[in-house]
$ cat query-v8.cif   # mmCIF, C-alpha atoms
data_upload
loop_
_atom_site.label_atom_id
_atom_site.label_comp_id
_atom_site.auth_asym_id
_atom_site.auth_seq_id
_atom_site.Cartn_x
_atom_site.Cartn_y
_atom_site.Cartn_z
CA MET A 1 46.92 -8.78 -107.44
CA ILE A 2 48.18 -5.61 -109.09
CA LYS A 3 51.24 -7.43 -110.40
CA ASP A 4 49.10 -10.27 -111.77
CA LYS A 5 46.79 -7.80 -113.47
CA SER A 6 49.67 -5.88 -115.05
CA ILE A 7 51.18 -9.12 -116.37
CA PHE A 8 47.81 -10.12 -117.83
CA ILE A 9 47.38 -6.75 -119.49
CA LYS A 10 50.91 -6.86 -120.90
CA ASN A 11 50.14 -10.31 -122.31
CA ILE A 12 47.33 -8.76 -124.32
CA TYR A 13 50.04 -6.60 -125.90
CA TYR A 14 52.04 -9.72 -126.78
CA MET A 15 48.98 -11.45 -128.19
CA LEU A 16 48.05 -8.46 -130.32
CA SER A 17 51.68 -8.17 -131.40
CA TYR A 18 51.48 -11.67 -132.89
CA VAL A 19 48.09 -11.07 -134.49
CA TYR A 20 49.35 -7.87 -136.14
CA THR A 21 52.73 -9.10 -137.37
CA ASP A 22 54.22 -5.65 -138.00
CA LEU A 23 54.95 -5.55 -134.29
CA ILE A 24 56.89 -8.80 -133.97
CA GLN A 25 59.65 -7.85 -136.38
CA LYS A 26 61.52 -6.46 -133.38
CA ASP A 27 62.20 -7.76 -129.88
CA TYR A 28 59.92 -6.95 -126.98
CA LYS A 29 62.77 -5.33 -125.04
CA ASP A 30 61.44 -1.85 -125.61
CA ILE A 31 58.19 -2.61 -123.79
CA ASP A 32 59.35 -5.12 -121.18
CA VAL A 33 60.10 -2.26 -118.79
CA GLU A 34 56.66 -0.72 -119.24
CA VAL A 35 53.80 -1.30 -116.83
CA PHE A 36 50.43 -0.97 -118.50
CA ASP A 37 47.63 0.24 -116.26
CA ASN A 38 44.90 -0.44 -118.80
CA ILE A 39 44.26 -1.86 -122.23
CA GLY A 40 43.86 1.64 -123.63
CA ASP A 41 47.56 2.31 -123.06
CA ILE A 42 48.44 -0.97 -124.79
CA LEU A 43 46.46 -0.03 -127.88
CA ALA A 44 47.90 3.50 -127.77
CA VAL A 45 51.42 2.03 -127.87
CA ILE A 46 50.51 -0.39 -130.66
CA LEU A 47 48.77 2.30 -132.71
CA PHE A 48 51.74 4.65 -132.32
CA LYS A 49 54.18 1.93 -133.44
CA ILE A 50 52.29 0.67 -136.48
CA VAL A 51 51.21 4.12 -137.70
CA SER A 52 54.80 5.39 -137.31
CA LYS A 53 55.95 2.48 -139.51
CA GLN A 54 53.29 3.28 -142.07
CA VAL A 55 54.34 6.95 -142.12
CA LYS A 56 57.88 5.83 -143.00
CA ARG A 57 56.51 3.63 -145.80
CA GLY A 58 54.25 6.45 -146.92
CA LEU A 59 50.63 7.24 -146.14
CA ILE A 60 48.23 6.37 -148.92
CA LYS A 61 46.91 9.15 -151.10
CA GLU A 62 43.83 9.14 -153.26
CA TYR A 63 42.61 11.48 -155.97
CA LYS A 64 40.10 13.96 -154.63
CA ALA A 65 37.91 16.28 -156.69
CA GLU A 66 38.80 19.95 -156.13
CA GLU A 67 38.03 23.29 -157.73
CA ASP A 68 39.81 26.61 -157.51
CA GLU A 69 40.68 29.89 -159.21
CA LEU A 70 43.96 29.30 -161.06
CA SER A 71 46.27 31.29 -163.31
CA VAL A 72 47.14 28.20 -165.36
CA LEU A 73 44.65 25.75 -166.83
CA THR A 74 44.47 22.58 -164.75
CA GLY A 75 41.89 19.88 -165.33
CA LYS A 76 38.79 21.26 -166.98
CA ILE A 77 37.37 24.77 -167.04
CA ASN A 78 34.09 25.62 -165.37
CA ILE A 79 32.84 28.00 -168.09
CA GLU A 80 30.11 29.69 -166.04
CA LYS A 81 32.32 30.51 -163.06
CA SER A 82 35.24 31.53 -165.31
CA ILE A 83 32.99 34.07 -167.08
CA LYS A 84 32.06 35.55 -163.68
CA LEU A 85 35.77 35.87 -162.83
CA LYS A 86 36.36 37.70 -166.14
CA ALA A 87 33.43 40.01 -165.40
CA ASN A 88 35.08 40.88 -162.07
CA ASN A 89 38.36 41.71 -163.88
CA LYS A 90 40.12 38.63 -162.51
CA ASN A 91 42.58 37.22 -165.00
CA LYS A 92 42.07 33.65 -163.78
CA LEU A 93 40.27 30.48 -164.77
CA TYR A 94 37.94 28.52 -162.53
CA CYS A 95 39.17 24.93 -162.84
CA GLU A 96 37.88 21.57 -161.68
CA PHE A 97 40.59 18.95 -161.20
CA ASP A 98 41.63 15.81 -159.32
CA LYS A 99 44.43 16.13 -156.78
CA LEU A 100 46.27 13.46 -154.81
CA SER A 101 45.34 13.92 -151.18
CA MET A 102 46.01 12.26 -147.82
CA ASP A 103 42.48 13.19 -146.80
CA ASN A 104 40.83 9.83 -147.43
CA TYR A 105 38.61 7.49 -145.44
CA LEU A 106 41.31 5.18 -144.02
CA ASN A 107 43.57 8.04 -142.92
CA SER A 108 40.55 9.73 -141.35
CA ILE A 109 39.80 6.60 -139.29
CA ILE A 110 43.41 6.50 -138.07
CA LYS A 111 43.40 10.19 -137.13
CA THR A 112 40.07 9.77 -135.34
CA ALA A 113 41.42 6.85 -133.28
CA MET A 114 44.54 8.81 -132.31
CA TYR A 115 42.45 11.87 -131.52
CA VAL A 116 40.06 10.11 -129.14
CA LEU A 117 42.96 8.40 -127.35
CA VAL A 118 44.54 11.81 -126.80
CA LEU A 119 41.22 13.04 -125.36
CA SER A 120 40.84 10.06 -123.03
CA LYS A 121 41.62 10.77 -119.38
CA ASP A 122 42.77 7.14 -118.92
CA ILE A 123 45.74 7.28 -121.33
CA SER A 124 49.17 8.03 -119.87
CA SER A 125 50.71 11.44 -120.53
CA GLN A 126 53.66 9.91 -122.41
CA ASN A 127 51.40 7.97 -124.78
CA LYS A 128 49.33 11.10 -125.36
CA LYS A 129 52.51 13.06 -126.10
CA ASN A 130 53.63 10.49 -128.66
CA LEU A 131 50.26 10.45 -130.39
CA LYS A 132 50.02 14.25 -130.48
CA LYS A 133 53.29 14.38 -132.43
CA LEU A 134 51.97 11.79 -134.84
CA VAL A 135 48.63 13.55 -135.31
CA LEU A 136 50.51 16.61 -136.62
CA LEU A 137 51.45 14.57 -139.70
CA PHE A 138 47.71 14.18 -140.39
CA SER A 139 47.00 17.94 -140.33
CA ASN A 140 45.39 17.84 -143.78
CA VAL A 141 43.16 14.88 -142.85
CA ASN A 142 39.66 15.28 -141.44
CA THR A 143 38.32 13.34 -138.44
CA LEU A 144 35.07 11.36 -138.48
CA GLU A 145 32.11 10.90 -136.17
CA VAL A 146 32.85 7.57 -134.48
CA ASN A 147 29.28 6.24 -134.70
CA GLU A 148 29.14 7.04 -138.43
CA ILE A 149 32.18 5.01 -139.50
CA ARG A 150 31.08 2.34 -142.00
CA TRP A 151 33.42 -0.49 -140.98
CA ASN A 152 31.77 -3.08 -143.23
CA ASP A 153 32.26 -0.91 -146.30
CA ILE A 154 36.05 -0.82 -146.01
CA LYS A 155 37.77 -2.62 -148.89
CA TYR A 156 41.45 -3.44 -149.27
CA ASN A 157 43.54 -3.71 -152.41
CA ARG A 158 47.23 -3.91 -153.28
CA HIS A 159 47.61 -0.18 -152.63
CA ASN A 160 46.22 -0.12 -149.10
CA ALA A 161 46.75 -3.72 -147.90
CA ASN A 162 49.27 -2.51 -145.28
CA TYR A 163 46.46 -0.65 -143.59
CA SER A 164 44.40 -3.71 -142.59
CA GLY A 165 46.20 -4.26 -139.26
CA ILE A 166 46.09 -0.55 -138.42
CA ILE A 167 42.38 -0.32 -139.13
CA ASN A 168 41.68 -3.43 -137.02
CA ILE A 169 43.45 -1.78 -134.09
CA CYS A 170 41.43 1.39 -134.72
CA TYR A 171 38.29 -0.75 -134.64
CA LEU A 172 39.23 -2.16 -131.23
CA ILE A 173 39.87 1.35 -129.95
CA LEU A 174 36.78 3.05 -131.34
CA ASN A 175 34.25 0.22 -131.29
CA ASP A 176 35.19 -2.07 -128.39
CA LEU A 177 37.25 -0.07 -125.94
CA LEU A 178 36.35 3.58 -125.66
CA MET A 179 33.13 4.89 -124.18
CA THR A 180 31.93 8.48 -124.18
CA THR A 181 31.04 9.81 -120.74
CA GLU A 182 28.31 12.35 -120.08
CA ASP A 183 30.81 15.21 -119.97
CA GLY A 184 32.10 14.29 -123.44
CA GLU A 185 35.34 12.64 -122.32
CA TYR A 186 36.43 9.22 -123.48
CA LYS A 187 36.83 6.47 -120.89
CA VAL A 188 38.64 3.18 -121.41
CA ALA A 189 36.76 -0.04 -120.63
CA GLU A 190 38.57 -2.26 -118.14
CA PHE A 191 38.72 -5.21 -120.51
CA LEU A 192 37.78 -6.12 -124.04
CA SER A 193 34.60 -8.14 -124.43
CA GLU A 194 34.76 -11.92 -124.06
CA LYS A 195 33.76 -12.29 -127.70
CA LYS A 196 36.59 -10.04 -128.87
CA MET A 197 39.14 -11.70 -126.58
CA CYS A 198 38.05 -15.08 -127.91
CA SER A 199 38.89 -13.93 -131.44
CA ILE A 200 42.23 -12.42 -130.38
CA TYR A 201 43.16 -15.57 -128.44
CA GLU A 202 42.41 -17.81 -131.44
CA LYS A 203 44.38 -15.63 -133.85
CA PHE A 204 47.26 -15.30 -131.39
CA VAL A 205 47.77 -19.07 -131.06
CA LEU A 206 47.64 -19.51 -134.85
CA SER A 207 50.03 -16.58 -135.42
CA TYR A 208 52.44 -17.90 -132.78
CA TYR A 209 52.80 -21.22 -134.58
CA GLN A 210 53.02 -19.54 -137.98
CA LYS A 211 55.87 -17.39 -136.66
CA HIS A 212 57.85 -20.03 -134.74
CA TYR A 213 56.84 -23.36 -136.32
CA PRO A 214 56.25 -22.76 -140.04
CA SER A 215 57.43 -26.34 -140.75
CA LEU A 216 54.22 -27.57 -139.07
CA ARG A 217 52.22 -25.70 -141.74
CA PRO A 218 49.93 -23.95 -139.22
CA ARG A 219 46.63 -22.94 -140.75
CA ALA A 220 42.93 -22.61 -140.10
CA SER A 221 41.83 -25.35 -142.45
CA LYS A 222 38.48 -26.64 -143.62
CA ILE A 223 37.65 -30.24 -142.77
CA LYS A 224 35.65 -32.29 -145.25
CA TRP A 225 32.90 -34.58 -144.06
CA ASN A 226 34.07 -38.17 -144.42
CA LEU A 227 30.92 -39.51 -146.07
CA ASP A 228 30.21 -42.80 -147.80
CA ASN A 229 27.83 -41.07 -150.19
CA GLU A 230 27.79 -37.72 -152.00
CA LEU A 231 28.31 -34.55 -149.92
CA ASP A 232 25.01 -33.06 -148.77
CA LYS A 233 24.80 -29.29 -149.28
CA PHE A 234 22.88 -28.94 -146.02
CA LEU A 235 25.75 -30.20 -143.87
CA PRO A 236 27.44 -27.39 -141.92
CA GLU A 237 30.98 -26.34 -142.78
CA MET A 238 33.74 -27.54 -140.47
CA LYS A 239 36.76 -25.26 -139.99
CA SER A 240 39.51 -25.76 -137.45
CA ASP A 241 41.01 -22.85 -135.49
CA ILE A 242 44.52 -24.28 -135.93
CA THR A 243 45.79 -27.38 -137.72
CA LEU A 244 49.42 -28.48 -137.24
CA THR A 245 51.01 -31.19 -139.39
CA SER A 246 54.21 -33.15 -138.72
CA GLY A 247 54.75 -35.96 -141.20
CA GLU A 248 51.69 -38.23 -140.96
CA ASN A 249 50.67 -36.76 -137.60
CA ILE A 250 48.02 -34.05 -137.52
CA LEU A 251 46.89 -32.02 -134.51
CA ILE A 252 43.64 -30.04 -134.66
CA ILE A 253 43.45 -27.32 -132.00
CA ASP A 254 40.23 -25.58 -131.04
CA THR A 255 40.84 -22.53 -128.83
CA LYS A 256 38.29 -21.57 -126.18
CA TYR A 257 38.14 -18.32 -124.22
CA TYR A 258 35.36 -18.39 -121.64
CA SER A 259 34.73 -16.72 -118.30
CA GLN A 260 33.91 -20.28 -117.13
CA SER A 261 35.86 -23.07 -118.83
CA MET A 262 33.87 -25.84 -117.11
CA GLN A 263 30.12 -26.46 -117.26
CA THR A 264 28.16 -27.23 -114.11
CA ILE A 265 25.73 -30.17 -113.93
CA GLU A 266 23.38 -28.85 -111.26
CA LEU A 267 21.53 -32.14 -110.75
CA TYR A 268 24.75 -33.83 -109.62
CA ASN A 269 26.53 -30.67 -108.41
CA SER A 270 29.53 -31.55 -110.56
CA LYS A 271 31.66 -29.86 -113.21
CA THR A 272 32.52 -31.27 -116.64
CA ILE A 273 34.15 -30.15 -119.86
CA HIS A 274 31.72 -28.28 -122.09
CA SER A 275 29.92 -31.04 -123.95
CA ASN A 276 29.53 -29.06 -127.18
CA ASN A 277 33.29 -28.39 -127.27
CA LEU A 278 34.07 -32.08 -126.86
CA TYR A 279 31.53 -33.15 -129.49
CA GLN A 280 32.95 -30.56 -131.90
CA ILE A 281 36.62 -31.56 -131.62
CA PHE A 282 35.72 -35.25 -131.75
CA THR A 283 33.75 -34.67 -134.96
CA TYR A 284 36.65 -32.72 -136.51
CA VAL A 285 39.17 -35.46 -135.67
CA LYS A 286 37.10 -38.42 -136.85
CA ASN A 287 36.27 -36.76 -140.18
CA LYS A 288 39.88 -35.65 -140.72
CA ASP A 289 41.21 -39.18 -140.01
CA ILE A 290 40.15 -40.53 -143.39
CA ASN A 291 42.69 -43.39 -143.18
CA LYS A 292 41.39 -44.36 -139.73
CA ASN A 293 44.93 -44.94 -138.48
CA GLY A 294 44.76 -42.74 -135.36
CA LYS A 295 47.35 -40.29 -136.71
CA VAL A 296 44.93 -37.38 -136.23
CA SER A 297 44.51 -35.98 -132.72
CA GLY A 298 42.56 -33.09 -131.28
CA MET A 299 43.01 -30.55 -128.53
CA LEU A 300 40.70 -28.14 -126.73
CA LEU A 301 42.98 -25.30 -125.63
CA TYR A 302 41.22 -23.24 -122.96
CA ALA A 303 42.40 -19.91 -121.62
CA LYS A 304 42.78 -20.33 -117.85
CA THR A 305 40.10 -18.81 -115.61
CA ASN A 306 39.86 -18.31 -111.84
CA GLU A 307 38.04 -21.62 -111.37
CA ASP A 308 39.31 -24.15 -108.82
CA ILE A 309 39.09 -27.01 -111.32
CA ILE A 310 41.18 -26.54 -114.45
CA PRO A 311 40.63 -28.88 -117.42
CA ASN A 312 43.77 -30.89 -118.17
CA SER A 313 42.94 -34.35 -119.52
CA GLU A 314 43.76 -36.84 -122.24
CA TYR A 315 41.50 -39.50 -123.76
CA ILE A 316 41.66 -42.15 -126.46
CA MET A 317 38.34 -42.03 -128.28
CA SER A 318 37.73 -44.68 -130.96
CA GLY A 319 41.46 -44.85 -131.63
CA ASN A 320 42.19 -41.10 -131.67
CA LYS A 321 43.77 -38.98 -128.96
CA ILE A 322 41.65 -36.09 -127.65
CA MET A 323 43.38 -33.70 -125.26
CA VAL A 324 42.11 -30.88 -123.07
CA ARG A 325 44.72 -28.31 -122.07
CA THR A 326 44.73 -24.92 -120.35
CA LEU A 327 46.92 -21.93 -121.22
CA ASP A 328 47.52 -19.56 -118.31
CA LEU A 329 47.48 -16.04 -119.78
CA ASN A 330 48.11 -14.57 -116.34
CA LYS A 331 51.74 -15.73 -116.24
CA ASP A 332 54.86 -14.11 -117.62
CA PHE A 333 54.81 -14.48 -121.40
CA LYS A 334 57.85 -16.78 -121.46
CA PHE A 335 55.77 -19.43 -119.67
CA ILE A 336 52.97 -19.03 -122.20
CA ALA A 337 55.54 -19.53 -124.97
CA GLN A 338 56.89 -22.62 -123.19
CA SER A 339 53.42 -24.16 -123.04
CA LEU A 340 52.81 -23.55 -126.75
CA ASN A 341 56.29 -24.85 -127.59
CA LYS A 342 55.59 -28.08 -125.68
CA ILE A 343 52.45 -28.70 -127.71
CA ALA A 344 54.49 -28.36 -130.90
CA SER A 345 57.41 -30.50 -129.68
CA ASP A 346 55.03 -33.25 -128.49
CA LEU A 347 53.53 -33.39 -131.97
CA ILE A 348 56.95 -33.43 -133.67
CA ASN A 349 58.18 -36.23 -131.39
CA SER A 350 55.03 -38.32 -131.49
#
$ encode --input "query-v8.cif" --output "structure tokens"
Amino acid sequence: MIKDKSIFIKNIYYMLSYVYTDLIQKDYKDIDVEVFDNIGDILAVILFKIVSKQVKRGLIKEYKAEEDELSVLTGKINIEKSIKLKANNKNKLYCEFDKLSMDNYLNSIIKTAMYVLVLSKDISSQNKKNLKKLVLLFSNVNTLEVNEIRWNDIKYNRHNANYSGIINICYLILNDLLMTTEDGEYKVAEFLSEKKMCSIYEKFVLSYYQKHYPSLRPRASKIKWNLDNELDKFLPEMKSDITLTSGENILIIDTKYYSQSMQTIELYNSKTIHSNNLYQIFTYVKNKDINKNGKVSGMLLYAKTNEDIIPNSEYIMSGNKIMVRTLDLNKDFKFIAQSLNKIASDLINS
């Protein structure tokens, strides 16, 4: 069990490495020998790696309003305070000026995330040591109160676009992973929430295909309603998790990460595929197949659970292929890659 758990936890590292592409520019050899005891250590390693890369690129600086007693005029003079200096026989000017500073909101979030990981009793001593060295480079940056960080107010532009992946990792650390205990220490949750893992799983599968199969034009695409009359504004938007295209053949993949991948029909004491999932993928496929030639297929790609019955089926519905597959995230990552590769090769060879 311990081995299985460590493999699963390491796979979260691989998944996050694909989602945040800065980490997949190098091989995984440097972490293959590591055994992660918890997700906190994974995020500590990731944060150390991506912040170290950003330090080499250069940490962003922003102009910050400052004021000081100066011998040389800088910015504009504060007349009232300069007169007081003259009255006290100080041959200086009191100036107000803007100065480039590392002490800005994004750098403060990063320092706060590193700081709370260092304070956590669940993080390994080596990861703490690495982060402590990195924190020293943020000596002129203030930390923030975690519960006061305004995540929704963060905006990115061409100057700070490199920070988006780092800040997302900080969000996982500060918002979804770390809990404050009564004695003020930070404790790492055993796993990320199902909702968060669902999002990571979806982005991982898309990022995997974008990295390894760009010729299939992997994307999360909108699907138009195939209507005979004018589009109704009250119809809901349809958006696939992943769409792969090979020639005329199109595969729409909808990823699903549930604690229970099968629904139970209590009246008959039987298990079935989640009906809403099946209705959804069927609707996507039929509306995407505007030529009605059966070249569009769909797949529900579940993350494997501990259930005895694992969905693995294939159907022809009104001329289109609908598949249900399961990806076992509790295996060595090379087997996960093999499963994803087979999906791509089946589409290419269809």
$ residues_around --input "query-v8.cif" --residues "A:Ala303" --least-positions-apart "5" --cutoff "6 Å" --atoms "all atoms listed in the file" --output "number ranges by chain"
A: 257, 326-327
$ atom_distance --input "query-v8.cif" --atom1 "atom CA of A:Glu230" --atom2 "atom CA of A:Val285"
20.0 Å
$ atom_distance --input "query-v8.cif" --atom1 "atom CA of A:Lys99" --atom2 "atom CA of A:Ala87"
27.7 Å
$ closest_residue --input "query-v8.cif" --among "A:Asp122, A:Asp103, A:Asp68, A:Asp289" --to "A:Ile39" --atoms "only C-alpha atoms"
A:Asp122
$ resolve_selection --input "query-v8.cif" --expression "the PyMOL selection byres ((chain A and resi 320) around 12)" --output "ChimeraX atom specification"
/A:249-252,281-299,314-319,321-323
$ closest_residue --input "query-v8.cif" --among "A:Glu248, A:Glu80, A:Asp98, A:Glu148" --to "A:Ile348" --atoms "only C-alpha atoms"
A:Glu248
$ atom_distance --input "query-v8.cif" --atom1 "atom CA of A:Asn11" --atom2 "atom CA of A:Ser164"
22.1 Å
$ residues_around --input "query-v8.cif" --residues "stretch 208-215 of chain A" --least-positions-apart "3" --cutoff "8 Å" --atoms "all atoms listed in the file" --output "list in words"
Tyr18, Phe204, Val205, Pro218, Arg219, Ser246 and Ala344 of chain A
$ residues_around --input "query-v8.cif" --residues "A:Tyr105" --least-positions-apart "6" --cutoff "10 Å" --atoms "all atoms listed in the file" --output "list in words"
Glu62, Lys111, Val141, Asn142, Thr143, Leu144, Ile149, Arg150 and Ile154 of chain A
$ closest_residue --input "query-v8.cif" --among "A:Ile336, A:Leu301, A:Val135, A:Val118" --to "A:Ile253" --atoms "only C-alpha atoms"
A:Leu301
$ axis_aligned_box --input "query-v8.cif" --around "stretch 246-260 of chain A" --padding-each-side "8 Å" --output "JSON"
{"center_x": 44.3, "center_y": -27.5, "center_z": -129.2, "size_x": 36.8, "size_y": 37.5, "size_z": 40.1}
$ residues_around --input "query-v8.cif" --residues "A:Tyr201" --least-positions-apart "5" --cutoff "12 Å" --atoms "all atoms listed in the file" --output "JSON, numbers by chain"
{"A": [11, 12, 13, 14, 15, 16, 17, 18, 19, 192, 194, 195, 196, 206, 207, 208, 241, 242, 254, 255, 256, 257, 258, 301, 302, 303, 304, 327, 328, 329]}
$ resolve_selection --input "query-v8.cif" --expression "the PyMOL selection byres ((chain A and resi 54) around 12)" --output "list of chain:residue names"
A:Asp22, A:Leu23, A:Leu47, A:Phe48, A:Lys49, A:Ile50, A:Val51, A:Ser52, A:Lys53, A:Val55, A:Lys56, A:Arg57, A:Gly58, A:Leu59, A:Ile60, A:Asn107, A:Ile110, A:Leu134, A:Leu137, A:Asn160, A:Ala161, A:Asn162, A:Tyr163, A:Ser164, A:Gly165, A:Ile166, A:Ile167
$ residues_around --input "query-v8.cif" --residues "A:Asn175" --least-positions-apart "6" --cutoff "10 Å" --atoms "only C-alpha atoms" --output "PDB file with C-alpha atoms, in the frame of the given file"
ATOM      1  CA  ALA A 113      41.420   6.850-133.280  1.00  0.00           C
ATOM      2  CA  VAL A 146      32.850   7.570-134.480  1.00  0.00           C
ATOM      3  CA  ASN A 147      29.280   6.240-134.700  1.00  0.00           C
ATOM      4  CA  ILE A 149      32.180   5.010-139.500  1.00  0.00           C
ATOM      5  CA  TRP A 151      33.420  -0.490-140.980  1.00  0.00           C
ATOM      6  CA  ILE A 169      43.450  -1.780-134.090  1.00  0.00           C
TER       7      ILE A 169
END
$ closest_residue --input "query-v8.cif" --among "A:Val72, A:Leu100, A:Leu93, A:Ile46" --to "A:Leu131" --atoms "all atoms listed in the file"
A:Ile46
$ closest_residue --input "query-v8.cif" --among "A:Arg158, A:Ser345, A:Leu177, A:Gln338" --to "A:Thr245" --atoms "all atoms listed in the file"
A:Ser345
$ closest_residue --input "query-v8.cif" --among "A:Asn168, A:Asn330, A:Asn277, A:Ser221" --to "A:Ile109" --atoms "all atoms listed in the file"
A:Asn168
$ resolve_selection --input "query-v8.cif" --expression "the PyMOL selection byres ((chain A and resi 224) around 8)" --output "PyMOL selection string"
chain A and resi 222-223+225-226+237-238+287-288
